[in-house]
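Enquirer: model-v2.cif (mmCIF, C-alpha atoms) pasted underneath:
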data_final
#
loop_
_atom_site.label_atom_id
_atom_site.label_comp_id
_atom_site.auth_asym_id
_atom_site.auth_seq_id
_atom_site.Cartn_x
_atom_site.Cartn_y
_atom_site.Cartn_z
CA MET A 28 1.35 7.79 -17.54
CA LEU A 29 1.15 8.36 -13.81
CA THR A 30 4.12 10.17 -12.28
CA ILE A 31 4.79 10.05 -8.55
CA ALA A 32 8.01 11.66 -7.34
CA ASP A 33 10.61 10.55 -9.92
CA LYS A 34 8.85 7.40 -11.17
CA THR A 35 6.28 6.84 -13.87
CA PHE A 36 3.73 4.05 -13.97
CA ALA A 37 1.70 2.81 -16.91
CA SER A 38 -0.90 1.28 -14.61
CA ARG A 39 -3.08 3.39 -12.35
CA LEU A 40 -4.18 0.40 -10.30
CA PHE A 41 -2.22 -0.36 -7.14
CA VAL A 42 -2.92 -3.74 -5.59
CA GLY A 43 -2.53 -4.78 -1.97
CA THR A 44 -1.15 -8.24 -1.28
CA GLY A 45 -3.01 -9.11 1.95
CA LYS A 46 -5.69 -11.74 2.50
CA PHE A 47 -4.95 -13.90 -0.56
CA SER A 48 -5.53 -17.62 -0.01
CA SER A 49 -2.10 -18.52 -1.41
CA SER A 50 1.03 -16.94 -2.86
CA ASP A 51 0.25 -18.54 -6.17
CA ILE A 52 -3.25 -17.03 -6.45
CA MET A 53 -1.81 -13.68 -5.37
CA ARG A 54 0.86 -13.74 -8.06
CA GLN A 55 -1.65 -14.72 -10.75
CA ALA A 56 -4.05 -11.99 -9.61
CA LEU A 57 -1.32 -9.34 -9.67
CA GLU A 58 -0.36 -10.38 -13.16
CA ALA A 59 -3.99 -10.39 -14.35
CA SER A 60 -4.53 -6.88 -12.96
CA GLU A 61 -1.53 -5.59 -14.96
CA CYS A 62 -0.62 -3.46 -11.95
CA GLU A 63 2.94 -2.31 -11.33
CA MET A 64 2.73 -1.00 -7.78
CA VAL A 65 1.96 -3.45 -4.97
CA THR A 66 1.78 -2.81 -1.25
CA VAL A 67 3.34 -5.06 1.37
CA ALA A 68 3.45 -5.04 5.17
CA LEU A 69 6.24 -5.85 7.63
CA ARG A 70 5.90 -8.38 10.40
CA ARG A 71 7.98 -10.52 12.71
CA VAL A 72 8.97 -13.84 11.17
CA GLU A 73 7.08 -16.66 12.87
CA LEU A 74 10.05 -18.76 13.85
CA ASP A 75 8.21 -22.07 14.14
CA ASP A 76 6.20 -21.61 10.96
CA PRO A 77 7.89 -19.08 8.68
CA GLY A 78 5.53 -19.82 5.77
CA ASP A 79 6.02 -18.52 2.24
CA ASP A 80 8.42 -15.68 1.61
CA ILE A 81 6.44 -13.07 -0.35
CA MET A 82 9.64 -11.85 -1.97
CA GLN A 83 10.17 -15.28 -3.46
CA ALA A 84 6.61 -15.28 -4.83
CA ILE A 85 6.54 -11.81 -6.39
CA GLY A 86 10.03 -10.34 -6.02
CA GLY A 87 12.55 -10.12 -8.79
CA GLY A 88 11.66 -6.77 -10.29
CA ARG A 89 8.30 -7.55 -11.90
CA PHE A 90 6.50 -5.29 -9.40
CA PHE A 91 7.33 -2.03 -7.65
CA PHE A 92 7.00 -2.53 -3.90
CA LEU A 93 5.32 0.04 -1.69
CA PRO A 94 5.86 -1.04 1.93
CA ASN A 95 3.19 0.15 4.34
CA THR A 96 3.34 0.96 8.03
CA ALA A 97 0.14 -0.95 8.80
CA GLY A 98 -0.07 -1.77 12.48
CA ALA A 99 1.56 1.48 13.60
CA ARG A 100 -0.54 3.23 16.24
CA ASP A 101 1.44 6.45 16.42
CA ALA A 102 4.08 8.43 14.55
CA MET A 103 6.95 6.81 16.44
CA GLU A 104 5.89 3.28 15.51
CA ALA A 105 5.32 4.32 11.90
CA VAL A 106 8.79 5.84 11.62
CA ARG A 107 10.33 2.68 13.11
CA LEU A 108 8.46 0.48 10.62
CA ALA A 109 9.51 2.78 7.78
CA ARG A 110 13.18 2.43 8.65
CA LEU A 111 12.85 -1.33 8.94
CA ALA A 112 11.16 -1.45 5.54
CA ARG A 113 14.02 0.50 4.01
CA ALA A 114 16.57 -1.80 5.64
CA ALA A 115 14.62 -4.84 4.44
CA GLY A 116 15.29 -3.75 0.89
CA GLY A 117 11.94 -2.07 0.37
CA GLY A 118 13.52 1.09 -1.01
CA ASN A 119 12.58 4.54 0.27
CA TRP A 120 8.95 4.62 -0.87
CA LEU A 121 6.36 4.28 1.83
CA LYS A 122 2.63 4.07 2.29
CA LEU A 123 2.38 5.84 5.63
CA GLU A 124 -0.44 4.42 7.67
CA VAL A 125 -1.16 5.26 11.32
CA THR A 126 -4.29 3.59 12.64
CA PRO A 127 -4.63 3.68 16.43
CA ASP A 128 -8.06 2.02 16.65
CA PRO A 129 -8.17 -1.56 15.34
CA ARG A 130 -11.97 -1.44 15.30
CA THR A 131 -12.27 1.30 12.67
CA LEU A 132 -8.70 1.34 11.28
CA LEU A 133 -9.29 5.03 10.60
CA PRO A 134 -6.07 7.01 10.21
CA ASP A 135 -4.87 9.41 12.92
CA PRO A 136 -4.39 12.76 11.15
CA VAL A 137 -2.12 14.34 13.77
CA GLU A 138 0.27 11.41 14.06
CA THR A 139 0.23 10.90 10.27
CA LEU A 140 1.28 14.50 9.63
CA LYS A 141 3.97 14.28 12.32
CA ALA A 142 5.37 11.06 10.86
CA ALA A 143 5.20 12.41 7.31
CA GLU A 144 7.29 15.44 8.25
CA GLU A 145 9.94 13.29 9.88
CA LEU A 146 10.05 10.72 7.08
CA VAL A 147 10.29 13.36 4.34
CA ARG A 148 13.26 14.86 6.23
CA ASP A 149 14.76 11.37 6.36
CA GLY A 150 14.59 11.00 2.57
CA PHE A 151 11.48 8.84 2.20
CA VAL A 152 8.99 9.21 -0.65
CA VAL A 153 5.87 9.37 1.50
CA LEU A 154 2.36 8.44 0.38
CA PRO A 155 0.13 8.94 3.42
CA TYR A 156 -3.14 7.07 3.93
CA ILE A 157 -5.65 9.61 5.20
CA ASN A 158 -9.29 10.19 5.82
CA ALA A 159 -10.85 12.17 2.98
CA ASP A 160 -9.94 15.49 4.61
CA PRO A 161 -9.10 18.22 2.08
CA VAL A 162 -7.35 20.43 4.65
CA LEU A 163 -5.13 17.59 5.87
CA ALA A 164 -4.38 16.61 2.27
CA LEU A 165 -3.10 20.14 1.61
CA ARG A 166 -1.05 20.12 4.82
CA LEU A 167 0.56 16.84 3.79
CA GLN A 168 1.32 18.18 0.33
CA GLU A 169 3.03 21.18 1.98
CA ALA A 170 4.95 18.78 4.21
CA GLY A 171 6.38 17.11 1.12
CA ALA A 172 4.15 14.08 0.60
CA ALA A 173 4.66 12.63 -2.90
CA ALA A 174 0.96 11.73 -3.18
CA VAL A 175 -1.99 11.39 -0.82
CA MET A 176 -4.14 8.32 -0.35
CA PRO A 177 -7.60 9.30 0.94
CA LEU A 178 -10.06 6.57 1.81
CA GLY A 179 -13.36 5.91 0.05
CA ALA A 180 -14.63 3.94 3.05
CA PRO A 181 -12.96 2.19 6.02
CA ILE A 182 -10.40 -0.49 5.13
CA GLY A 183 -11.84 -3.81 4.02
CA THR A 184 -15.48 -2.70 4.07
CA ASN A 185 -16.10 -2.82 0.30
CA ARG A 186 -18.53 0.08 0.76
CA GLY A 187 -17.25 2.20 -2.10
CA LEU A 188 -16.88 5.95 -2.38
CA LEU A 189 -18.75 7.06 0.74
CA THR A 190 -16.50 10.11 0.92
CA ARG A 191 -17.14 11.18 -2.68
CA PRO A 192 -17.85 14.93 -2.15
CA LEU A 193 -14.65 15.30 -0.11
CA LEU A 194 -12.60 13.25 -2.59
CA GLU A 195 -13.79 15.65 -5.30
CA ILE A 196 -12.45 18.61 -3.33
CA ILE A 197 -9.12 16.87 -2.67
CA ILE A 198 -8.72 15.97 -6.35
CA GLU A 199 -9.51 19.54 -7.37
CA GLN A 200 -7.14 21.12 -4.86
CA LEU A 201 -4.04 18.97 -4.90
CA GLU A 202 -1.09 19.16 -7.21
CA VAL A 203 0.43 15.87 -6.08
CA PRO A 204 -1.33 12.70 -7.24
CA VAL A 205 -4.43 11.48 -5.38
CA VAL A 206 -4.73 7.72 -4.94
CA VAL A 207 -8.13 6.63 -3.64
CA ASP A 208 -7.40 3.90 -1.15
CA ALA A 209 -9.54 1.65 1.03
CA GLY A 210 -13.17 0.71 0.77
CA ILE A 211 -13.34 0.21 -2.99
CA GLY A 212 -15.39 -2.95 -3.33
CA THR A 213 -16.28 -3.25 -7.00
CA PRO A 214 -14.72 -2.46 -10.38
CA SER A 215 -17.50 0.08 -11.01
CA GLN A 216 -16.47 1.97 -7.86
CA ALA A 217 -12.86 1.97 -9.04
CA ALA A 218 -14.01 3.29 -12.41
CA ALA A 219 -16.10 5.97 -10.66
CA ALA A 220 -13.05 7.16 -8.70
CA MET A 221 -11.06 7.38 -11.93
CA GLU A 222 -13.91 9.22 -13.71
CA MET A 223 -13.80 11.79 -10.88
CA GLY A 224 -10.18 12.45 -11.76
CA ALA A 225 -8.38 10.36 -9.17
CA ASP A 226 -4.84 9.63 -10.38
CA ALA A 227 -4.94 6.01 -9.22
CA VAL A 228 -6.77 3.63 -6.90
CA LEU A 229 -5.53 0.99 -4.50
CA VAL A 230 -7.52 -2.22 -4.17
CA ASN A 231 -6.84 -5.22 -1.96
CA THR A 232 -9.74 -6.87 -0.15
CA ALA A 233 -12.17 -6.74 -3.07
CA ILE A 234 -9.72 -8.72 -5.20
CA ALA A 235 -8.26 -11.03 -2.57
CA VAL A 236 -11.60 -12.25 -1.17
CA ALA A 237 -13.44 -12.53 -4.51
CA GLY A 238 -14.73 -15.93 -5.60
CA ASP A 239 -12.18 -15.84 -8.39
CA PRO A 240 -9.47 -13.36 -7.39
CA VAL A 241 -7.62 -13.67 -10.72
CA ALA A 242 -10.70 -12.78 -12.81
CA MET A 243 -11.63 -10.00 -10.36
CA ALA A 244 -8.13 -8.55 -10.63
CA ALA A 245 -8.48 -8.42 -14.41
CA ALA A 246 -11.90 -6.75 -14.05
CA PHE A 247 -10.41 -4.07 -11.78
CA GLY A 248 -7.59 -3.53 -14.25
CA GLN A 249 -10.08 -2.91 -17.05
CA ALA A 250 -12.31 -0.70 -14.88
CA VAL A 251 -9.42 1.57 -13.96
CA ILE A 252 -8.44 1.93 -17.62
CA ALA A 253 -12.05 2.65 -18.62
CA GLY A 254 -12.55 5.19 -15.82
CA ARG A 255 -9.36 7.03 -16.69
CA ARG A 256 -10.27 7.11 -20.37
CA ALA A 257 -13.69 8.51 -19.55
CA TYR A 258 -12.17 11.22 -17.38
CA LYS A 259 -9.72 12.19 -20.13
CA ALA A 260 -12.51 12.16 -22.70
CA GLY A 261 -14.45 14.77 -20.71
CA LEU A 262 -17.75 13.73 -19.14
CA GLY A 263 -20.98 15.36 -20.28
CA ALA A 264 -22.62 17.89 -17.96
CA ILE A 265 -25.21 16.70 -15.45
CA SER A 266 -28.60 18.40 -15.76
CA CYS A 267 -31.98 18.15 -14.02
CA ARG A 268 -33.89 18.83 -17.23
CA ALA A 269 -34.19 16.35 -20.05
CA ALA A 270 -32.30 17.10 -23.24
CA ALA A 271 -33.48 15.04 -26.21
CA SER A 272 -30.92 12.82 -27.85
CA SER A 273 -33.12 12.46 -30.96
CA PRO A 274 -33.97 15.66 -32.90
CA GLN A 275 -37.27 17.27 -31.85
CA THR A 276 -37.86 18.59 -35.39
CA GLY A 277 -39.08 16.84 -38.54
CA LEU A 278 -42.08 15.32 -36.75
CA GLU A 279 -44.74 17.30 -38.68
CA PHE A 280 -45.84 14.16 -40.53
CA LEU A 281 -47.07 12.67 -37.24
CA ARG A 282 -49.51 15.42 -36.38
CA MET B 27 24.57 -18.72 25.64
CA LYS B 28 21.08 -17.30 25.45
CA ILE B 29 19.54 -14.79 23.09
CA ILE B 30 15.99 -13.51 22.71
CA VAL B 31 14.64 -13.88 19.18
CA ASN B 32 11.26 -12.36 18.38
CA GLY B 33 10.40 -12.44 22.05
CA GLU B 34 11.39 -16.09 22.56
CA GLU B 35 14.42 -17.38 24.41
CA ARG B 36 16.80 -19.35 22.20
CA LEU B 37 19.93 -21.22 23.21
CA LEU B 38 23.07 -21.02 21.10
CA GLU B 39 26.11 -23.22 21.50
CA ALA B 40 28.48 -20.53 20.35
CA GLU B 41 28.55 -16.99 19.08
CA VAL B 42 27.39 -16.82 15.50
CA VAL B 43 27.25 -14.12 12.85
CA VAL B 44 23.85 -12.81 11.81
CA ALA B 45 24.02 -14.23 8.29
CA ASP B 46 24.66 -17.78 9.53
CA TYR B 47 21.99 -17.56 12.21
CA VAL B 48 19.35 -16.39 9.74
CA GLN B 49 20.30 -19.18 7.38
CA SER B 50 20.15 -21.75 10.19
CA LEU B 51 16.45 -20.87 10.53
CA ASP B 52 15.88 -21.61 6.83
CA LEU B 53 15.35 -17.93 6.11
CA ASP B 54 16.79 -15.93 3.24
CA PRO B 55 19.14 -13.23 4.58
CA GLU B 56 18.29 -11.20 1.47
CA THR B 57 14.66 -10.83 2.55
CA VAL B 58 14.94 -10.63 6.34
CA VAL B 59 15.75 -7.48 8.25
CA VAL B 60 17.49 -7.85 11.58
CA GLU B 61 17.32 -5.60 14.59
CA ILE B 62 19.65 -6.20 17.54
CA ASP B 63 18.89 -4.40 20.79
CA GLY B 64 16.71 -1.95 18.87
CA ARG B 65 19.35 -1.14 16.26
CA ILE B 66 18.84 -2.06 12.61
CA ILE B 67 21.69 -4.10 11.16
CA THR B 68 22.30 -3.23 7.52
CA ARG B 69 22.50 -6.21 5.20
CA HIS B 70 26.14 -5.90 4.32
CA ASP B 71 26.98 -6.16 8.03
CA TYR B 72 25.25 -9.56 8.41
CA GLN B 73 28.55 -11.37 7.82
CA SER B 74 30.48 -9.32 10.34
CA THR B 75 27.94 -8.84 13.14
CA LEU B 76 28.07 -11.39 15.97
CA LEU B 77 25.07 -12.34 18.07
CA LEU B 78 26.31 -12.00 21.62
CA ASP B 79 24.96 -13.51 24.81
CA GLY B 80 21.77 -11.75 25.92
CA ALA B 81 21.15 -10.04 22.57
CA GLU B 82 17.54 -9.12 21.83
CA VAL B 83 16.98 -9.91 18.20
CA GLU B 84 14.05 -9.12 15.95
CA LEU B 85 13.73 -10.90 12.62
CA ILE B 86 11.26 -9.09 10.40
CA ARG B 87 10.26 -9.45 6.79
CA PHE B 88 7.65 -8.45 4.24
CA ILE B 89 4.31 -10.20 4.18
CA GLY B 90 1.11 -9.58 2.27
CA GLY B 91 -0.63 -6.35 3.21
CA GLY B 92 -2.75 -3.57 1.79
#
In structure tokens, how does this file's structure come out?

Expert:
Amino acid sequence: MLTIADKTFASRLFVGTGKFSSSDIMRQALEASECEMVTVALRRVELDDPGDDIMQAIGGGRFFFLPNTAGARDAMEAVRLARLARAAGGGNWLKLEVTPDPRTLLPDPVETLKAAEELVRDGFVVLPYINADPVLALRLQEAGAAAVMPLGAPIGTNRGLLTRPLLEIIIEQLEVPVVVDAGIGTPSQAAAAMEMGADAVLVNTAIAVAGDPVAMAAAFGQAVIAGRRAYKAGLGAISCRAAASSPQTGLEFLR
Amino acid sequence: MKIIVNGEERLLEAEVVVADYVQSLDLDPETVVVEIDGRIITRHDYQSTLLLDGAEVELIRFIGGG
């Protein structure tokens, strides 16, 4: 079981709810993934075309909602979004996200740390989205973050674990859970993150834009379980020299 | 009277409480968060908070996101 703050989760796959072609496909994909934690964003209601209410599609207690502060460009905007999310009934858990540059959507470390400090003081359970920076991850843990969410690659790129060596350091150093977020494009990459010892992964784009999002969600669910099992089982050592799997003795009859 | 809702001017015939206004837009007050003049209105105040002339209102809710 995964424990973050005072909650435990059977599933180590978090799924983002953006970019799905319909609420119905999204709901089916979430169910197929067997995830418990789902991220959501906050936006103005479009008055002339309100569209589907996501809470009607997937509310009702089946999933644990993790509101994000996507769209915030600095600490002040992130804190405002956080308070709105809490007032909207999103609880006090938060994926803190501060991305000043829409081109790269890379997180601003200074503003993220500033916002995390303020939100922890304000009673939020803060899970900050960060670049794979081991020093920042430690600083956020000290500041009271309940988990950290380092990226594998920029959001929505499906490029996988480009930051692998740094993720390894973060996983080794941190006591709070490490959730690899952003950039995971395939189930094998999700499994690889889990094999490294990540506590969970968050996937959105790779599921939502798949040819069959429901089947892809199930594949990610299985990959995360397999990766975690492999990590727990203890991976064999990597070596440059060959080590025979078949015995090298008892071959006298050949020569 | 006139209020600003999500940046757009809207005309109201009379003062109305937040809960009724939200419902008049076919929105569920249970899933919409309301800010008036930069101040968050908590849900149990929706019935007692009036939208006054000139109020700047933001109606915000959860949507899909990663």

Enquirer: Written as a PyMOL selection string, which residues does the PyMOL selection byres ((chain B) within 10 of (chain A)) give for the file shown?

Expert: chain B and resi 31-34+51-61+64-69+84-92

Enquirer: Could you tell me how far CA of Gln49 in chain B sits from CA of Ala109 in chain A, in Å to one decimal place?

Expert: 24.5 Å

Enquirer: For the file shown, what are the residues hit by the PyMOL selection byres ((chain A and resi 36) around 12), laid out as a list in words?

Expert: Met28, Leu29, Thr30, Ile31, Ala32, Asp33, Lys34, Thr35, Ala37, Ser38, Arg39, Leu40, Phe41, Glu61, Cys62, Glu63, Met64, Val65, Phe90, Phe91, Asp226 and Ala227 of chain A

Enquirer: Report as a list in words the full result of the PyMOL selection byres ((chain B and resi 81) around 8) when it is applied to this structure.

Expert: Lys28, Ile29, Ile30, Ile62, Asp63, Leu77, Leu78, Asp79, Gly80, Glu82 and Val83 of chain B

Enquirer: As JSON, numbers by chain, please: the residues near Glu145 in chain A (cut-off 12 Å, only C-alpha atoms, same-chain neighbours under 2 positions excluded).

Expert: {"A": [102, 103, 105, 106, 107, 109, 110, 123, 138, 139, 140, 141, 142, 143, 147, 148, 149, 150, 151, 152, 153, 167, 170, 171, 172]}

Enquirer: CA of Met223 in chain A and CA of Leu189 in chain A, how far apart in Å?

Expert: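 Going from CA of Leu189 in chain A over to CA of Met223 in chain A covers 13.5 Å.
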
Enquirer: Can you sort out the box for range 62-67 of chain A, edges along x, y and z, all listed atoms in, 3 Å on every side, with centre and edge lengths in Å to one decimal, as JSON?

Expert:
{"center_x": 1.4, "center_y": -3.0, "center_z": -5.3, "size_x": 10.0, "size_y": 10.1, "size_z": 19.3}

Enquirer: If I take CA of Val207 in chain A and CA of Val175 in chain A, how far is one from the other in Å, to one decimal?

Expert: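 Between these atoms lies a distance of 8.3 Å.
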
Enquirer: List the neighbours of Val251 in chain A out to 9 Å using all atoms listed in the file; skip same-chain residues closer than 5 positions along the sequence, and give me the result as a list in words.

Expert: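 Selected residues are Ser38, Arg39, Leu40, Pro214, Ser215, Ala217, Ala218, Ala219, Ala220, Met221, Glu222, Ala227, Val228, Ala246 and Arg256 of chain A.
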
Enquirer: Pull out chain B, keep C-alpha atoms, and write it as a compact mmCIF listing (two decimals), in the first residue's frame.

Expert:
# COMPACT_ATOMS: atom_id res chain seq x y z
CA MET B 27 -28.63 46.26 -12.13
CA LYS B 28 -25.37 45.14 -13.66
CA ILE B 29 -22.83 42.60 -12.50
CA ILE B 30 -19.66 41.26 -14.10
CA VAL B 31 -19.59 37.47 -14.36
CA ASN B 32 -16.40 35.81 -15.57
CA GLY B 33 -15.39 39.06 -17.22
CA GLU B 34 -18.71 39.59 -19.02
CA GLU B 35 -21.35 42.16 -18.19
CA ARG B 36 -24.67 40.63 -17.16
CA LEU B 37 -27.94 42.39 -16.41
CA LEU B 38 -30.08 41.33 -13.48
CA GLU B 39 -33.62 42.47 -12.84
CA ALA B 40 -33.25 42.25 -9.10
CA GLU B 41 -30.79 41.30 -6.42
CA VAL B 42 -30.44 37.56 -6.18
CA VAL B 43 -28.68 35.17 -3.82
CA VAL B 44 -25.68 33.26 -5.13
CA ALA B 45 -27.38 29.86 -4.98
CA ASP B 46 -30.30 31.00 -7.15
CA TYR B 47 -28.06 32.77 -9.63
CA VAL B 48 -25.85 29.71 -10.09
CA GLN B 49 -28.91 27.56 -10.59
CA SER B 50 -30.36 30.02 -13.11
CA LEU B 51 -27.30 29.31 -15.28
CA ASP B 52 -28.03 25.56 -15.17
CA LEU B 53 -25.00 24.97 -12.98
CA ASP B 54 -24.81 22.79 -9.89
CA PRO B 55 -24.05 24.94 -6.82
CA GLU B 56 -22.43 21.86 -5.28
CA THR B 57 -19.68 21.84 -7.92
CA VAL B 58 -19.16 25.55 -8.61
CA VAL B 59 -17.01 27.82 -6.50
CA VAL B 60 -17.92 31.48 -6.39
CA GLU B 61 -15.66 34.45 -5.86
CA ILE B 62 -17.18 37.91 -5.37
CA ASP B 63 -14.86 40.90 -5.62
CA GLY B 64 -11.88 38.59 -5.07
CA ARG B 65 -13.33 36.94 -1.97
CA ILE B 66 -14.23 33.25 -1.96
CA ILE B 67 -17.80 32.58 -0.85
CA THR B 68 -18.05 29.35 1.12
CA ARG B 69 -20.77 27.00 -0.05
CA HIS B 70 -22.97 27.26 2.99
CA ASP B 71 -23.16 31.02 2.43
CA TYR B 72 -24.59 30.65 -1.10
CA GLN B 73 -28.15 30.94 0.23
CA SER B 74 -27.46 34.06 2.26
CA THR B 75 -25.07 36.00 0.01
CA LEU B 76 -26.68 38.56 -2.30
CA LEU B 77 -25.20 39.61 -5.62
CA LEU B 78 -25.21 43.39 -5.46
CA ASP B 79 -25.05 45.93 -8.26
CA GLY B 80 -21.52 46.15 -9.69
CA ALA B 81 -20.32 42.89 -8.13
CA GLU B 82 -17.44 41.18 -9.92
CA VAL B 83 -18.20 37.50 -9.86
CA GLU B 84 -16.06 34.54 -10.84
CA LEU B 85 -17.69 31.15 -11.33
CA ILE B 86 -15.08 28.43 -11.32
CA ARG B 87 -15.23 24.67 -11.31
CA PHE B 88 -13.18 21.54 -11.84
CA ILE B 89 -12.40 20.37 -15.34
CA GLY B 90 -10.18 17.65 -16.71
CA GLY B 91 -6.48 18.24 -16.11
CA GLY B 92 -3.24 16.44 -15.45
